[in-house]
Amino acid sequence: MPDNEATLEIAHLVRDFKPADGDLMGALHAVQHHYGYVPKIAMKVVARQLRLSEAKVYGAATFYSEFRLTPPPETLISWCSGPTCRLKGGDRIRQALETELGIGMGQNTPDNKLGLHFGQCNGTCEHAAQLWVDGKVTGPLTAADAVRLVRNLKDS
Ligand code: FES
């Protein structure tokens, strides 16, 4: 999408947020909800709407981990970093996936097909060690199961 079209679209998305009302988080959430991430051009538009500096908007977007600054992968694999999953082989799964995908935790594959990100215990420890594939609990898994799973996802 050309920059001027994106600017208009983002301006429309954040049109109801007001300066000095503490609306920065709300405006960033609105942008992320629409695009799946906060594009760079949105910083300028949100800053203008809220009469803030771009540096302040950028600072908030990078400080809070709930905001993504890059497009989400087609499939997001979340690795559970909780204690039960780790006791049941989670660290081996993490290592195997990082090796298989050639990326580190918090990164996406260069084709943006798969992303490997941290997850926190969600209370479904009976499925440990587990991964979440686009939020769906998948487990219990061994490292070999996890590698098979991502190979299938890569090939699909
Ligand atoms: S520790 Fe992984 S789901 Fe609880």
# chains A, B, ... in the order shown; residues from 1 in each chain; ligands from 1
>>> closest_atom_pairs(of="chain A", to="ligand 1", cutoff="6 Å", atoms="only C-alpha atoms and all ligand atoms", output="JSON lines")
{"residue": "A:Cys80", "atom": "CA", "partner": "ligand 1", "partner_atom_place_in_ligand_line": "2 (Fe)", "distance": 4.9}
{"residue": "A:Gly82", "atom": "CA", "partner": "ligand 1", "partner_atom_place_in_ligand_line": "1 (S)", "distance": 3.5}
{"residue": "A:Pro83", "atom": "CA", "partner": "ligand 1", "partner_atom_place_in_ligand_line": "1 (S)", "distance": 4.8}
{"residue": "A:Thr84", "atom": "CA", "partner": "ligand 1", "partner_atom_place_in_ligand_line": "1 (S)", "distance": 4.0}
{"residue": "A:Cys85", "atom": "CA", "partner": "ligand 1", "partner_atom_place_in_ligand_line": "2 (Fe)", "distance": 4.2}
{"residue": "A:Cys121", "atom": "CA", "partner": "ligand 1", "partner_atom_place_in_ligand_line": "4 (Fe)", "distance": 3.8}
{"residue": "A:Asn122", "atom": "CA", "partner": "ligand 1", "partner_atom_place_in_ligand_line": "3 (S)", "distance": 5.0}
{"residue": "A:Gly123", "atom": "CA", "partner": "ligand 1", "partner_atom_place_in_ligand_line": "4 (Fe)", "distance": 4.8}
{"residue": "A:Thr124", "atom": "CA", "partner": "ligand 1", "partner_atom_place_in_ligand_line": "3 (S)", "distance": 4.6}
{"residue": "A:Cys125", "atom": "CA", "partner": "ligand 1", "partner_atom_place_in_ligand_line": "4 (Fe)", "distance": 3.8}
{"residue": "A:Ala128", "atom": "CA", "partner": "ligand 1", "partner_atom_place_in_ligand_line": "2 (Fe)", "distance": 5.5}
>>> residues_around(residues="segment 29-40 of chain A", least_positions_apart="2", cutoff="12 Å", atoms="only C-alpha atoms", output="ChimeraX atom specification")
/A:1,3,6-7,9-17,23-27,42-47,54-55,57-58,60-62,64-74
>>> write_last_selection(atoms="N, CA and C atoms", output="short mmCIF file (atom, residue, chain, number, x, y, z; two decimals), in the first residue's frame")
data_model
loop_
_atom_site.label_atom_id
_atom_site.label_comp_id
_atom_site.auth_asym_id
_atom_site.auth_seq_id
_atom_site.Cartn_x
_atom_site.Cartn_y
_atom_site.Cartn_z
N MET A 1 0.86 -1.19 0.00
CA MET A 1 0.00 0.00 0.00
C MET A 1 0.90 1.24 0.00
N ASP A 3 2.42 4.92 0.72
CA ASP A 3 2.48 5.61 2.02
C ASP A 3 1.30 6.55 2.26
N ALA A 6 -1.76 4.61 3.14
CA ALA A 6 -1.62 4.07 4.50
C ALA A 6 -1.80 5.17 5.53
N THR A 7 -1.25 6.35 5.24
CA THR A 7 -1.40 7.48 6.16
C THR A 7 -2.87 7.82 6.37
N GLU A 9 -5.45 5.86 5.89
CA GLU A 9 -6.12 4.74 6.57
C GLU A 9 -5.83 4.78 8.07
N ILE A 10 -4.59 5.02 8.42
CA ILE A 10 -4.22 5.05 9.85
C ILE A 10 -4.85 6.27 10.53
N ALA A 11 -4.86 7.40 9.84
CA ALA A 11 -5.49 8.60 10.41
C ALA A 11 -6.96 8.32 10.72
N HIS A 12 -7.60 7.57 9.83
CA HIS A 12 -9.02 7.22 10.05
C HIS A 12 -9.15 6.30 11.28
N LEU A 13 -8.22 5.34 11.38
CA LEU A 13 -8.26 4.38 12.51
C LEU A 13 -8.14 5.07 13.87
N VAL A 14 -7.33 6.13 13.93
CA VAL A 14 -7.04 6.75 15.22
C VAL A 14 -7.76 8.10 15.40
N ARG A 15 -8.72 8.36 14.52
CA ARG A 15 -9.37 9.70 14.51
C ARG A 15 -10.06 10.04 15.83
N ASP A 16 -10.50 9.02 16.60
CA ASP A 16 -11.24 9.33 17.83
C ASP A 16 -10.35 9.46 19.06
N PHE A 17 -9.07 9.22 18.89
CA PHE A 17 -8.16 9.36 20.04
C PHE A 17 -7.74 10.82 20.17
N ASP A 23 -4.32 8.67 25.49
CA ASP A 23 -4.82 7.75 24.47
C ASP A 23 -3.73 7.06 23.65
N LEU A 24 -2.48 7.25 24.03
CA LEU A 24 -1.40 6.69 23.21
C LEU A 24 -1.51 5.17 23.09
N MET A 25 -1.69 4.48 24.22
CA MET A 25 -1.77 3.02 24.18
C MET A 25 -2.98 2.58 23.34
N GLY A 26 -4.08 3.26 23.54
CA GLY A 26 -5.30 2.91 22.79
C GLY A 26 -5.10 3.06 21.30
N ALA A 27 -4.44 4.15 20.90
CA ALA A 27 -4.21 4.38 19.47
C ALA A 27 -3.28 3.30 18.90
N ALA A 42 2.89 4.46 11.02
CA ALA A 42 1.85 4.75 12.01
C ALA A 42 2.37 5.62 13.14
N MET A 43 3.67 5.54 13.42
CA MET A 43 4.25 6.35 14.50
C MET A 43 4.01 7.84 14.22
N LYS A 44 4.24 8.21 12.96
CA LYS A 44 4.10 9.62 12.56
C LYS A 44 2.64 10.05 12.66
N VAL A 45 1.74 9.19 12.19
CA VAL A 45 0.31 9.54 12.17
C VAL A 45 -0.23 9.64 13.59
N VAL A 46 0.14 8.68 14.43
CA VAL A 46 -0.33 8.69 15.83
C VAL A 46 0.25 9.91 16.55
N ALA A 47 1.51 10.22 16.28
CA ALA A 47 2.15 11.38 16.92
C ALA A 47 1.41 12.66 16.54
N GLU A 54 7.29 12.00 17.64
CA GLU A 54 7.40 10.63 17.11
C GLU A 54 8.24 9.76 18.04
N ALA A 55 9.24 10.39 18.67
CA ALA A 55 10.12 9.64 19.58
C ALA A 55 9.32 9.07 20.76
N VAL A 57 6.11 8.27 20.75
CA VAL A 57 5.26 7.17 20.25
C VAL A 57 6.12 5.93 20.02
N TYR A 58 7.25 6.14 19.38
CA TYR A 58 8.17 5.03 19.13
C TYR A 58 8.63 4.41 20.45
N ALA A 60 7.03 4.24 23.29
CA ALA A 60 5.97 3.41 23.87
C ALA A 60 5.83 2.10 23.09
N ALA A 61 5.88 2.21 21.76
CA ALA A 61 5.68 1.02 20.93
C ALA A 61 6.80 -0.01 21.14
N THR A 62 8.00 0.48 21.44
CA THR A 62 9.11 -0.46 21.64
C THR A 62 9.23 -0.89 23.10
N TYR A 64 6.69 -1.50 25.35
CA TYR A 64 5.68 -2.50 25.75
C TYR A 64 5.74 -3.69 24.81
N SER A 65 5.95 -4.87 25.43
CA SER A 65 6.16 -6.06 24.61
C SER A 65 4.91 -6.50 23.86
N GLU A 66 3.75 -5.95 24.21
CA GLU A 66 2.54 -6.37 23.48
C GLU A 66 2.48 -5.80 22.06
N PHE A 67 3.36 -4.83 21.75
CA PHE A 67 3.33 -4.28 20.40
C PHE A 67 4.38 -4.93 19.53
N ARG A 68 3.96 -5.26 18.31
CA ARG A 68 4.88 -5.82 17.32
C ARG A 68 5.21 -4.71 16.33
N LEU A 69 6.48 -4.65 15.94
CA LEU A 69 6.87 -3.63 14.97
C LEU A 69 7.12 -4.22 13.59
N THR A 70 6.95 -5.52 13.48
CA THR A 70 7.11 -6.17 12.19
C THR A 70 5.86 -7.02 11.94
N PRO A 71 5.56 -7.30 10.68
CA PRO A 71 4.36 -8.09 10.39
C PRO A 71 4.43 -9.45 11.07
N PRO A 72 3.30 -9.96 11.55
CA PRO A 72 3.32 -11.27 12.19
C PRO A 72 3.61 -12.36 11.16
N PRO A 73 4.19 -13.47 11.59
CA PRO A 73 4.43 -14.57 10.65
C PRO A 73 3.10 -15.21 10.24
N GLU A 74 3.13 -15.99 9.15
CA GLU A 74 1.90 -16.68 8.73
C GLU A 74 1.44 -17.63 9.83
#
>>> closest_residue(among="A:Asp111, A:Glu126, A:Gly89, A:Gln120", to="Ala146 of chain A", atoms="only C-alpha atoms")
A:Gly89
>>> select_by_dssp(residues="segment 59-88 of chain A", states="alpha helix (DSSP H)", output="PyMOL selection string")
chain A and resi 59-63+83-85
>>> atom_distance(atom1="atom CA of Leu116 of chain A", atom2="atom CA of Lys56 of chain A")
28.6 Å
>>> select_by_dssp(residues="chain A", states="strand (DSSP E)", output="ChimeraX atom specification")
/A:75-80,107-108,114-119,131-133,136-138
>>> atom_distance(atom1="atom CA of Val147 of chain A", atom2="atom CA of Thr75 of chain A")
14.9 Å
